[in-house]
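Chemist: My file is query.cif. It has mmCIF, C-alpha atoms and all ligand atoms:
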data_work
#
loop_
_atom_site.label_atom_id
_atom_site.label_comp_id
_atom_site.auth_asym_id
_atom_site.auth_seq_id
_atom_site.Cartn_x
_atom_site.Cartn_y
_atom_site.Cartn_z
CA MET A 1 156.20 94.14 142.01
CA THR A 2 154.33 92.50 139.15
CA ASP A 3 150.97 90.85 139.15
CA THR A 4 151.19 89.17 135.79
CA LEU A 5 152.29 85.64 135.08
CA PRO A 6 154.14 84.75 131.90
CA ALA A 7 151.52 83.37 129.49
CA SER A 8 153.03 79.89 129.61
CA GLU A 9 152.49 79.73 133.35
CA ALA A 10 149.14 81.41 133.68
CA PRO A 11 146.65 78.96 135.20
CA ASP A 12 144.07 77.64 132.80
CA PRO A 13 140.83 79.50 133.62
CA ALA A 14 139.08 76.16 133.98
CA LEU A 15 141.51 75.18 136.72
CA ALA A 16 141.85 78.60 138.23
CA ALA A 17 138.51 78.33 140.00
CA PRO A 18 139.85 79.20 143.43
CA ASP A 19 139.98 82.82 144.28
CA VAL A 20 141.89 82.77 147.50
CA ALA A 21 141.37 86.48 148.03
CA THR A 22 137.62 85.94 148.24
CA GLY A 23 137.91 82.47 149.76
CA ALA A 24 135.73 80.93 147.02
CA PRO A 25 135.86 77.14 147.38
CA VAL A 26 137.63 75.03 144.79
CA ASP A 27 135.65 72.54 142.80
CA ALA A 28 136.30 69.02 144.12
CA ASP A 29 136.82 67.90 140.50
CA VAL A 30 139.73 70.31 140.13
CA ILE A 31 141.41 68.94 143.25
CA GLY A 32 140.74 65.36 142.13
CA GLU A 33 142.03 65.94 138.62
CA LEU A 34 145.16 67.61 139.89
CA ALA A 35 145.68 64.81 142.43
CA ARG A 36 145.47 62.14 139.73
CA GLY A 37 147.78 64.17 137.50
CA SER A 38 150.24 64.55 140.38
CA ILE A 39 150.31 60.84 141.06
CA ARG A 40 150.81 60.05 137.39
CA LEU A 41 153.68 62.49 137.19
CA ILE A 42 155.43 61.09 140.25
CA ALA A 43 154.96 57.49 139.12
CA ASP A 44 155.94 58.16 135.52
CA LEU A 45 159.02 60.18 136.30
CA GLN A 46 160.50 57.88 138.93
CA THR A 47 163.63 56.42 137.37
CA PRO A 48 164.32 52.70 136.98
CA GLN A 49 166.88 53.07 139.78
CA GLY A 50 164.17 54.36 142.15
CA ALA A 51 165.17 58.04 142.23
CA TYR A 52 162.66 60.88 141.89
CA PRO A 53 163.92 63.71 139.68
CA ALA A 54 163.36 67.21 141.06
CA SER A 55 161.97 68.42 137.73
CA PRO A 56 162.09 66.81 134.30
CA THR A 57 162.61 70.02 132.40
CA PHE A 58 164.34 72.72 134.44
CA SER A 59 167.90 73.13 133.15
CA ALA A 60 169.71 73.27 136.48
CA TYR A 61 167.83 70.31 137.99
CA VAL A 62 167.68 67.85 135.08
CA GLY A 63 169.33 64.53 135.85
CA TYR A 64 169.42 64.94 139.62
CA SER A 65 167.53 63.66 142.62
CA TRP A 66 167.73 65.59 145.90
CA LEU A 67 167.36 63.76 149.20
CA ARG A 68 165.18 66.63 150.46
CA ASP A 69 162.75 66.77 147.52
CA GLY A 70 162.84 63.02 147.05
CA SER A 71 162.01 62.21 150.67
CA PHE A 72 158.96 64.46 150.69
CA ILE A 73 157.93 63.10 147.28
CA ALA A 74 158.25 59.55 148.60
CA ASP A 75 156.27 60.48 151.71
CA ALA A 76 153.44 61.79 149.54
CA ALA A 77 153.64 58.75 147.24
CA SER A 78 153.43 56.53 150.31
CA ALA A 79 150.42 58.44 151.70
CA ALA A 80 148.75 58.28 148.28
CA GLY A 81 149.11 54.50 148.07
CA LEU A 82 152.12 54.26 145.74
CA VAL A 83 153.62 51.87 148.25
CA GLU A 84 156.05 50.17 145.92
CA SER A 85 157.24 53.42 144.40
CA ALA A 86 158.01 54.92 147.81
CA GLY A 87 159.76 51.71 148.86
CA ARG A 88 161.95 51.82 145.78
CA PHE A 89 163.00 55.38 146.61
CA TYR A 90 163.98 54.41 150.16
CA ALA A 91 165.92 51.44 148.78
CA TRP A 92 167.71 53.87 146.45
CA CYS A 93 168.58 56.10 149.45
CA ALA A 94 169.87 53.14 151.44
CA ASP A 95 172.01 52.06 148.50
CA VAL A 96 173.40 55.60 148.09
CA MET A 97 174.55 55.42 151.73
CA VAL A 98 175.94 51.90 151.66
CA ARG A 99 178.04 52.74 148.61
CA ARG A 100 179.58 55.53 150.66
CA ALA A 101 180.13 53.42 153.78
CA GLU A 102 183.92 53.88 153.76
CA LYS A 103 183.61 57.63 153.32
CA ILE A 104 181.02 57.92 156.08
CA ARG A 105 183.20 55.91 158.48
CA TRP A 106 186.12 58.20 157.64
CA ILE A 107 184.01 61.33 158.26
CA VAL A 108 182.82 59.93 161.59
CA ARG A 109 186.36 58.96 162.62
CA GLU A 110 187.91 62.26 161.62
CA THR A 111 185.18 64.18 163.41
CA ALA A 112 185.63 62.12 166.59
CA GLU A 113 189.35 62.89 166.48
CA GLY A 114 188.71 66.61 166.30
CA ARG A 115 189.35 66.99 162.55
CA PRO A 116 185.90 67.44 161.00
CA PRO A 117 186.36 67.19 157.23
CA ALA A 118 185.94 70.34 155.14
CA PRO A 119 182.43 70.86 153.70
CA SER A 120 183.71 69.80 150.27
CA HIS A 121 184.50 66.35 151.71
CA MET A 122 181.05 65.87 153.20
CA LEU A 123 178.18 64.08 151.42
CA PRO A 124 176.26 65.95 148.70
CA ALA A 125 172.68 67.24 148.65
CA ARG A 126 171.80 65.67 145.33
CA PHE A 127 172.84 62.63 143.33
CA THR A 128 172.59 61.44 139.77
CA PHE A 129 169.90 58.80 139.23
CA ASP A 130 172.67 56.19 139.37
CA GLY A 131 173.47 57.40 142.87
CA GLU A 132 176.73 59.09 141.91
CA ASP A 133 177.90 62.51 143.10
CA GLY A 134 177.20 65.16 140.48
CA ALA A 135 179.96 66.44 138.21
CA ASP A 136 178.70 70.05 138.31
CA GLU A 137 179.55 72.52 141.04
CA TRP A 138 176.70 72.73 143.54
CA TRP A 139 175.96 74.08 147.02
CA ASP A 140 176.35 70.59 148.27
CA PHE A 141 176.90 70.38 151.99
CA GLN A 142 173.35 70.15 153.31
CA LEU A 143 172.33 67.89 156.19
CA ASP A 144 168.52 68.18 156.22
CA GLY A 145 167.78 65.55 153.53
CA TYR A 146 169.72 62.91 155.45
CA GLY A 147 167.36 63.35 158.38
CA THR A 148 164.28 63.65 156.20
CA TRP A 149 164.76 60.35 154.41
CA LEU A 150 165.06 58.54 157.76
CA TRP A 151 161.89 60.23 159.00
CA ALA A 152 159.97 59.50 155.78
CA LEU A 153 161.07 55.86 155.76
CA VAL A 154 159.69 55.30 159.24
CA GLU A 155 156.43 57.09 158.34
CA HIS A 156 156.17 54.68 155.42
CA LEU A 157 156.79 51.60 157.57
CA ASP A 158 154.27 52.83 160.15
CA ARG A 159 151.71 53.43 157.42
CA HIS A 160 152.12 50.22 155.45
CA GLY A 161 153.93 47.79 157.73
CA GLY A 162 157.19 45.99 157.01
CA SER A 163 160.23 45.49 159.20
CA GLY A 164 162.62 47.90 157.53
CA GLU A 165 165.41 45.28 157.82
CA ALA A 166 166.38 45.77 154.17
CA PHE A 167 167.22 49.42 154.90
CA ARG A 168 169.09 48.85 158.15
CA GLU A 169 172.67 49.30 156.95
CA GLY A 170 171.84 52.49 155.04
CA VAL A 171 169.92 53.79 158.05
CA GLU A 172 172.77 53.05 160.45
CA LEU A 173 175.30 54.81 158.24
CA THR A 174 173.03 57.83 157.86
CA ALA A 175 172.47 57.97 161.61
CA ASP A 176 176.23 57.79 162.25
CA TYR A 177 176.82 60.62 159.76
CA LEU A 178 174.17 62.81 161.41
CA ILE A 179 175.19 62.03 164.97
CA ALA A 180 178.75 63.11 164.08
CA SER A 181 177.79 66.21 162.10
CA TRP A 182 174.41 67.59 163.18
CA ASP A 183 175.80 70.72 164.84
CA ARG A 184 177.85 71.87 161.84
CA PRO A 185 176.87 74.95 159.83
CA CYS A 186 175.74 73.95 156.34
CA TYR A 187 173.58 75.15 153.47
CA ASP A 188 169.88 75.41 154.26
CA TRP A 189 166.80 74.10 152.38
CA TRP A 190 167.43 76.81 149.77
CA GLU A 191 171.09 75.96 149.43
CA GLU A 192 172.12 79.28 150.94
CA HIS A 193 173.86 80.71 154.03
CA ALA A 194 176.39 77.95 154.62
CA GLN A 195 177.88 79.77 157.60
CA HIS A 196 174.80 79.18 159.78
CA VAL A 197 173.10 76.38 161.66
CA HIS A 198 169.52 76.34 160.37
CA VAL A 199 166.58 75.50 162.58
CA SER A 200 164.66 73.71 159.78
CA THR A 201 167.73 71.56 159.15
CA LEU A 202 167.96 70.71 162.85
CA ALA A 203 164.26 69.78 162.83
CA CYS A 204 164.79 67.38 159.90
CA ILE A 205 167.81 65.75 161.59
CA ALA A 206 165.99 65.45 164.92
CA ALA A 207 162.88 63.98 163.30
CA GLY A 208 164.99 61.42 161.43
CA LEU A 209 167.07 60.31 164.42
CA ASP A 210 164.03 60.15 166.64
CA ALA A 211 162.09 58.09 164.10
CA VAL A 212 164.76 55.44 163.48
CA ALA A 213 165.53 55.11 167.20
CA ARG A 214 161.85 54.67 168.04
CA ALA A 215 161.35 52.20 165.18
CA GLY A 216 164.29 50.09 166.37
CA LEU A 217 166.10 50.58 163.05
CA ILE A 218 169.11 51.58 165.09
CA ALA A 219 169.85 49.89 168.38
CA GLY A 220 172.15 49.72 171.39
CA GLU A 221 174.84 52.31 171.74
CA ARG A 222 174.01 53.85 168.37
CA ALA A 223 170.42 54.45 169.48
CA ASP A 224 171.69 55.96 172.75
CA ARG A 225 173.91 58.36 170.82
CA ALA A 226 171.00 59.29 168.54
CA ARG A 227 168.80 60.02 171.56
CA SER A 228 171.51 62.11 173.12
CA ALA A 229 171.96 64.10 169.86
CA LEU A 230 168.19 64.57 169.75
CA GLU A 231 168.22 65.89 173.30
CA SER A 232 171.04 68.30 172.47
CA ILE A 233 169.19 69.54 169.37
CA ARG A 234 166.08 70.19 171.45
CA GLU A 235 168.08 72.13 174.04
CA LEU A 236 169.92 74.13 171.39
CA VAL A 237 166.71 75.10 169.59
CA ALA A 238 165.08 76.05 172.88
CA GLU A 239 168.06 78.21 173.85
CA ARG A 240 169.15 79.74 170.55
CA GLY A 241 166.62 78.70 167.89
CA THR A 242 163.72 80.89 168.95
CA ALA A 243 163.04 84.61 169.27
CA ASP A 244 159.89 86.19 170.68
CA GLY A 245 158.60 82.68 171.29
CA HIS A 246 158.77 81.47 167.65
CA LEU A 247 161.27 79.38 165.70
CA ILE A 248 163.82 81.34 163.70
CA LYS A 249 165.66 80.86 160.41
CA TRP A 250 169.08 80.10 161.91
CA LEU A 251 170.61 80.12 165.37
CA GLY A 252 171.01 83.69 166.51
CA SER A 253 168.77 85.20 163.82
CA THR A 254 165.47 86.96 164.42
CA ALA A 255 164.11 86.27 160.91
CA VAL A 256 161.85 83.42 159.88
CA ASP A 257 161.75 81.07 156.93
CA GLY A 258 158.82 79.31 155.26
CA SER A 259 160.52 75.95 155.80
CA LEU A 260 159.95 76.28 159.56
CA ALA A 261 156.34 75.17 159.11
CA ALA A 262 157.68 71.68 158.40
CA ALA A 263 159.10 71.52 161.94
CA ILE A 264 155.49 71.59 163.14
CA ALA A 265 154.02 69.32 160.46
CA PRO A 266 154.65 66.91 158.99
CA LEU A 267 157.90 66.44 160.93
CA GLY A 268 156.35 66.96 164.37
CA PHE A 269 159.61 68.27 165.86
CA VAL A 270 157.53 70.94 167.58
CA ASP A 271 154.23 69.97 169.19
CA PRO A 272 151.58 71.56 166.91
CA ARG A 273 149.52 72.61 169.95
CA SER A 274 152.45 74.26 171.74
CA ASP A 275 153.00 77.99 172.23
CA VAL A 276 156.09 77.82 169.99
CA ALA A 277 154.03 76.30 167.17
CA ARG A 278 151.28 78.88 167.56
CA ALA A 279 153.77 81.76 167.59
CA THR A 280 155.66 80.31 164.60
CA ILE A 281 152.51 79.91 162.52
CA GLU A 282 151.48 83.45 163.40
CA VAL A 283 154.77 84.97 162.37
CA LEU A 284 154.93 82.93 159.15
CA GLU A 285 151.47 84.23 158.29
CA SER A 286 152.25 87.82 159.12
CA HIS A 287 155.76 87.99 157.58
CA LEU A 288 155.69 85.60 154.66
CA SER A 289 152.13 85.03 153.49
CA VAL A 290 150.44 87.39 151.03
CA ASP A 291 146.94 86.68 149.70
CA GLY A 292 147.28 83.15 150.96
CA GLY A 293 150.58 82.14 149.32
CA VAL A 294 153.88 81.76 151.17
CA HIS A 295 157.29 83.26 150.35
CA ARG A 296 160.52 81.52 151.32
CA TYR A 297 161.85 84.44 153.39
CA LEU A 298 161.99 88.21 153.33
CA GLY A 299 164.80 89.33 151.08
CA ASP A 300 164.47 86.36 148.70
CA THR A 301 165.59 87.28 145.18
CA PHE A 302 165.53 83.84 143.44
CA PHE A 303 163.42 84.37 140.29
CA GLY A 304 162.32 87.63 141.92
CA GLY A 305 161.26 85.98 145.19
CA GLY A 306 157.77 84.68 144.43
CA GLN A 307 155.41 82.48 146.42
CA TRP A 308 155.91 78.74 146.68
CA PRO A 309 153.02 76.26 146.43
CA LEU A 310 154.99 73.65 148.36
CA LEU A 311 155.60 76.03 151.27
CA THR A 312 151.97 77.04 151.27
CA CYS A 313 151.13 73.36 151.65
CA PHE A 314 153.63 72.96 154.49
CA LEU A 315 151.97 75.89 156.24
CA GLY A 316 148.60 74.23 155.56
CA LEU A 317 149.83 71.03 157.22
CA ALA A 318 151.00 73.05 160.23
CA HIS A 319 147.64 74.81 160.48
CA LEU A 320 145.77 71.54 160.21
CA ALA A 321 147.89 69.93 162.92
CA ALA A 322 147.31 73.00 165.10
CA GLY A 323 143.56 72.80 164.58
CA ASP A 324 142.85 75.48 161.94
CA ARG A 325 141.24 73.46 159.21
CA ALA A 326 139.75 76.46 157.41
CA ARG A 327 143.13 78.05 156.77
CA ALA A 328 144.59 74.67 155.79
CA ASP A 329 141.82 74.37 153.19
CA GLU A 330 142.71 77.78 151.81
CA CYS A 331 146.36 76.76 151.54
CA LEU A 332 145.38 73.73 149.45
CA GLU A 333 143.19 75.86 147.23
CA TRP A 334 145.84 78.48 146.76
CA ALA A 335 148.35 75.80 145.73
CA ALA A 336 145.86 74.15 143.35
CA ALA A 337 145.26 77.49 141.68
CA THR A 338 148.92 77.68 140.64
CA ALA A 339 148.55 74.68 138.31
CA THR A 340 149.14 75.23 134.62
CA ALA A 341 146.76 74.04 131.91
CA GLU A 342 148.83 70.82 131.74
CA LEU A 343 148.18 70.28 135.46
CA HIS A 344 151.76 71.11 136.32
CA LEU A 345 152.63 72.78 139.60
CA PRO A 346 155.55 75.20 139.51
CA GLU A 347 158.29 75.78 142.04
CA GLN A 348 157.03 79.32 142.57
CA VAL A 349 154.60 81.85 141.11
CA THR A 350 155.15 85.51 140.47
CA HIS A 351 151.91 87.05 141.80
CA HIS A 352 153.80 88.99 144.49
CA LEU A 353 157.48 89.28 143.78
CA ILE A 354 159.70 90.53 146.57
CA ALA A 355 162.46 91.61 144.14
CA PRO A 356 160.81 91.94 140.71
CA ARG A 357 163.97 93.14 139.02
CA MET A 358 165.66 89.85 139.84
CA GLU A 359 163.18 87.72 137.92
CA ARG A 360 164.66 88.39 134.46
CA PRO A 361 168.32 87.65 135.36
CA TRP A 362 167.34 84.24 136.71
CA ILE A 363 165.23 83.45 133.62
CA GLU A 364 168.22 84.40 131.47
CA ARG A 365 170.50 82.21 133.55
CA TRP A 366 168.40 79.04 133.97
CA GLY A 367 165.18 79.48 131.91
CA THR A 368 161.66 79.92 133.28
CA VAL A 369 160.69 78.69 136.76
CA ALA A 370 160.94 74.91 137.29
CA THR A 371 157.58 73.50 136.15
CA PRO A 372 156.56 70.87 136.96
CA LEU A 373 158.38 70.58 140.26
CA LEU A 374 157.67 67.15 141.72
CA TRP A 375 158.07 68.40 145.29
CA SER A 376 155.22 70.89 144.70
CA HIS A 377 152.98 68.06 143.49
CA ALA A 378 154.00 65.98 146.48
CA MET A 379 153.08 68.63 149.03
CA PHE A 380 149.76 69.30 147.32
CA LEU A 381 148.95 65.58 147.55
CA ARG A 382 150.16 65.32 151.12
CA LEU A 383 148.02 68.23 152.34
CA GLY A 384 144.99 67.19 150.27
CA ILE A 385 145.13 63.68 151.74
CA ALA A 386 145.64 65.02 155.29
CA LEU A 387 142.57 67.21 154.81
CA GLY A 388 140.52 64.31 153.48
CA ARG A 389 139.96 66.20 150.23
CA ILE A 390 142.02 63.72 148.24
CA ASP A 391 141.02 60.12 148.74
CA PRO A 392 143.94 57.73 148.20
CA SER A 393 141.50 55.02 147.11
CA ASP A 394 140.43 57.25 144.18
CA LEU A 395 144.06 57.37 143.12
CA ALA A 396 144.45 53.62 143.15
CA SER A 397 144.03 53.33 139.38
CA ALA A 398 147.18 55.41 138.90
CA PRO A 399 150.09 53.43 137.48
CA GLU A 400 152.21 51.72 140.11
CA GLY A 401 155.32 49.72 139.68
CA GLU A 402 156.49 49.71 136.11
CA PRO A 403 159.11 52.41 135.83
CA ARG A 404 159.26 54.22 132.50
C1 LIG A 501 165.83 74.74 145.99
C2 LIG A 501 166.01 73.46 146.78
C3 LIG A 501 165.55 72.27 146.00
C4 LIG A 501 166.15 72.26 144.60
C5 LIG A 501 165.51 71.18 143.73
C6 LIG A 501 166.52 74.58 144.66
O1 LIG A 501 166.35 75.74 143.91
O2 LIG A 501 166.40 75.81 146.69
O3 LIG A 501 165.27 73.51 147.96
O4 LIG A 501 165.91 71.12 146.68
O5 LIG A 501 165.92 73.49 143.99
O6 LIG A 501 164.13 71.31 143.68
#
Output the structure of this file as structure tokens.

Modeler:
Amino acid sequence: MTDTLPASEAPDPALAAPDVATGAPVDADVIGELARGSIRLIADLQTPQGAYPASPTFSAYVGYSWLRDGSFIADAASAAGLVESAGRFYAWCADVMVRRAEKIRWIVRETAEGRPPAPSHMLPARFTFDGEDGADEWWDFQLDGYGTWLWALVEHLDRHGGSGEAFREGVELTADYLIASWDRPCYDWWEEHAQHVHVSTLACIAAGLDAVARAGLIAGERADRARSALESIRELVAERGTADGHLIKWLGSTAVDGSLAAAIAPLGFVDPRSDVARATIEVLESHLSVDGGVHRYLGDTFFGGGQWPLLTCFLGLAHLAAGDRARADECLEWAAATATAELHLPEQVTHHLIAPRMERPWIERWGTVATPLLWSHAMFLRLGIALGRIDPSDLASAPEGEPR
């Protein structure tokens, strides 16, 4: 266990005002400055094609956009008033799907005939900015992002209006893919444990299918099938996706995962005021949160298994939705305190490593922790706006539109 950050990642003392251990409040200027920096970063780094890169600098991520990261980035951009930017990302997603229409129809057909294609023939988790599959080996079969982009699109349309007609074909194809495949084991949010069915993944799929059916972006028999899949997901999670009254990492497990907070908020798969939500928040706090920051899961060894600002913000959103504003505030402050002097938020920080000896091997393999990680900035914005501590109208002067 180490308590020291590499010098390059140590927060600038001027920005490190929050002391989450003592609960000292963060200067509103710090939050505001970081919010404006976050918006600038998201707007500046969006590609001409509409994709959001995961991180501009981290070796293993450069050149790729993930549906998972991108959808949450777009959701934050949408909430922050970058309406056009978010719309361009959803158009990029729709295009990615339409270009794979033949493949999706084949997957759906094969599955219906009892021959579900091997994971290597399913759709990938990340794409090049041009919307192509990557050339590098990756842990690609992940279903959550396909649900998340549908959910985020509908949030965007609800927030800012618009019919969504332009996205319809991409939405229908995505829904067909998910309806055919939702119950398959696949890699989780962390691109691990492909042999399991993950509860966070199910929550993303359910939220997406529910959203597009409610919004009328899918209709008729397709909407009926989506509702029936949604019902089956709910039953499955109720029967095999909980233990001791809380959500669990994968079906049949007893462990938890930081990503489960998203099922409560912002996805709303679980009612934030329900017993399951309360029990899930409690167990995430007691198992995964140390001095206010949230780990991915017990046993994590990636870069030593540090704490993730984006997960801390997801937990903050869950707390806020469940009525605990004070703890949600602390989550925002903890995340803000991880910013570097350049106002960059990292993927994780090393205050409390679960497996300190594993930090060095990862640095040798891929370089230092991904910083900035756009998804971290997105979740900071999303929680700050939900708390009313970031005012989207203050961010309005941020650049919008012109891709660089
Ligand atoms: C994380 C994924 C994330 C990707 C890009 C991976 O290390 O496990 O959740 O989508 O990085 O940020």

Chemist: For Glu285 of chain A, which of A:Gly131, A:Gly258, A:Gly388, A:Gly63 is the closest residue, counting only C-alpha atoms?

Modeler: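 Among the listed residues, A:Gly258 lies closest to Glu285 of chain A.
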
Chemist: If you count only C-alpha atoms, which residues fall within 10 Å of Val237 of chain A, apart from same-chain ones fewer than 6 positions away, as a list in words?

Modeler: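 The neighbour list is His198, Val199, Leu202, Ala203, Leu247, Ile248, Trp250 and Leu251 of chain A.
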
Chemist: What's around segment 174-180 of chain A at 9 Å? Count only C-alpha atoms, leave out sequence neighbours fewer than 3 positions away in its own chain, and write the answer as number ranges by chain.

Modeler: A: 94, 97, 104-105, 107-109, 111-112, 116, 143, 146-147, 150, 169-171, 183, 205, 208-209, 212, 218, 222-223, 225-226, 228-230

Chemist: Using all atoms listed in the file, what table do you get, as a Markdown table, when you list each residue of segment 234-347 of chain A with an atom no more than 10 Å from segment 355-359 of chain A, its nearest pair of atoms, and their distance in Å rounded to one decimal, rows by chain then rising number?

Modeler:
| residue | atom | partner | partner_atom | distance |
| --- | --- | --- | --- | --- |
| A:Leu298 | CA | A:Ala355 | CA | 9.8 |
| A:Gly299 | CA | A:Ala355 | CA | 7.7 |
| A:Asp300 | CA | A:Ala355 | CA | 7.2 |
| A:Thr301 | CA | A:Ala355 | CA | 5.4 |
| A:Phe302 | CA | A:Met358 | CA | 7.0 |
| A:Phe303 | CA | A:Glu359 | CA | 4.1 |
| A:Gly304 | CA | A:Glu359 | CA | 4.1 |
| A:Gly305 | CA | A:Ala355 | CA | 5.9 |
| A:Gly306 | CA | A:Ala355 | CA | 8.4 |

Chemist: List all protein, DNA and RNA residues that have an atom no more than 7 Å from any atom of ligand LIG 501 (chain A), counting all atoms listed in the file, and report them as a list of chain:residue names.

Modeler: A:Ala54, A:Ser55, A:Tyr61, A:Trp66, A:Arg68, A:Asp69, A:Trp189, A:Trp190, A:Glu191, A:Leu373, A:Trp375

Chemist: Within 9 Å of (150.5, 57.6, 152.2), all atoms listed in the file: residues as a tab-separated table (two decimals) with C-alpha atoms, keeping the file's coordinate frame?

Modeler:
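Saved file result01.tsv follows:
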chain	number	residue	atom	x	y	z
A	74	ALA	CA	158.25	59.55	148.60
A	75	ASP	CA	156.27	60.48	151.71
A	76	ALA	CA	153.44	61.79	149.54
A	77	ALA	CA	153.64	58.75	147.24
A	78	SER	CA	153.43	56.53	150.31
A	79	ALA	CA	150.42	58.44	151.70
A	80	ALA	CA	148.75	58.28	148.28
A	81	GLY	CA	149.11	54.50	148.07
A	82	LEU	CA	152.12	54.26	145.74
A	83	VAL	CA	153.62	51.87	148.25
A	155	GLU	CA	156.43	57.09	158.34
A	156	HIS	CA	156.17	54.68	155.42
A	159	ARG	CA	151.71	53.43	157.42
A	160	HIS	CA	152.12	50.22	155.45
A	382	ARG	CA	150.16	65.32	151.12
A	385	ILE	CA	145.13	63.68	151.74
A	392	PRO	CA	143.94	57.73	148.20

Chemist: Just give me the gap between atom CA of Ser65 of chain A and atom CA of Phe127 of chain A in Å, one decimal is fine.

Modeler: 5.5 Å

Chemist: Which residue is closest to Thr312 of chain A? Choose from A:Gln195, A:Thr254, A:Ser376, A:Thr128 and count only C-alpha atoms.

Modeler: A:Ser376

Chemist: Could you check the closest approach to Ser59 of chain A for each of A:Tyr297, A:Phe380, A:Trp362, A:Phe167 and tell me which residue wins, using only C-alpha atoms?

Modeler: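 Ranking A:Tyr297, A:Phe380, A:Trp362, A:Phe167 by distance to Ser59 of chain A, first place goes to A:Trp362.
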
Chemist: In Å to one decimal, how far is atom CA of Arg389 of chain A from atom CA of Gly32 of chain A?

Modeler: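 Computing it gives 8.2 Å between the two atoms.
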
Chemist: Could you check which of A:Leu381, A:Ile281, A:Leu374, A:Leu353 is closest to Ala318 of chain A, using all atoms listed in the file?

Modeler: A:Ile281

Chemist: Please provide the set of residues having any atom within 10 Å of Ser163 of chain A, restricted to only C-alpha atoms, with same-chain residues fewer than 2 positions apart removed, written as a ChimeraX atom specification.

Modeler: /A:154,157-158,161,165-168,215-217

Chemist: Go ahead and write the residues just picked, C-alpha atoms, as a compact mmCIF listing (two decimals), keeping the file's coordinate frame.

Modeler:
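Just written: again-v5.txt:
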# COMPACT_ATOMS: atom_id res chain seq x y z
CA VAL A 154 159.69 55.30 159.24
CA LEU A 157 156.79 51.60 157.57
CA ASP A 158 154.27 52.83 160.15
CA GLY A 161 153.93 47.79 157.73
CA GLU A 165 165.41 45.28 157.82
CA ALA A 166 166.38 45.77 154.17
CA PHE A 167 167.22 49.42 154.90
CA ARG A 168 169.09 48.85 158.15
CA ALA A 215 161.35 52.20 165.18
CA GLY A 216 164.29 50.09 166.37
CA LEU A 217 166.10 50.58 163.05

Chemist: What does the distance from atom CA of Pro53 of chain A to atom CA of Ala135 of chain A come to in Å, to one decimal?

Modeler: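 Separation of atom CA of Pro53 of chain A and atom CA of Ala135 of chain A: 16.3 Å.
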
Chemist: For Gly316 of chain A, work out the shell of residues within 9 Å, counting only C-alpha atoms and skipping chain neighbours fewer than 4 positions away, then give it as number ranges by chain.

Modeler: A: 261, 265, 311-312, 320-321, 324-325, 327-332, 383

Chemist: Using only C-alpha atoms, find the one residue out of A:Ala207, A:Ala28, A:Cys93, A:Leu41 that sits nearest to Leu343 of chain A.

Modeler: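 Closest residue, counting only C-alpha atoms: A:Leu41.
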
Chemist: I need every residue sitting at most 6 Å from the point (163.1, 70.9, 133.9) (coordinates as in the file, all atoms listed in the file considered), written as a list in words.

Modeler: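 Residues found, by chain and rising number: Ser55, Pro56, Thr57, Phe58, Ser59, Val62 and Ala370 of chain A.
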
Chemist: Quick one: of A:Thr148, A:Ser393, A:Ser200, A:Ser181, who's nearest to Ala118 of chain A, counting all atoms listed in the file?

Modeler: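 So, comparing all the options, the nearest one is A:Ser181.
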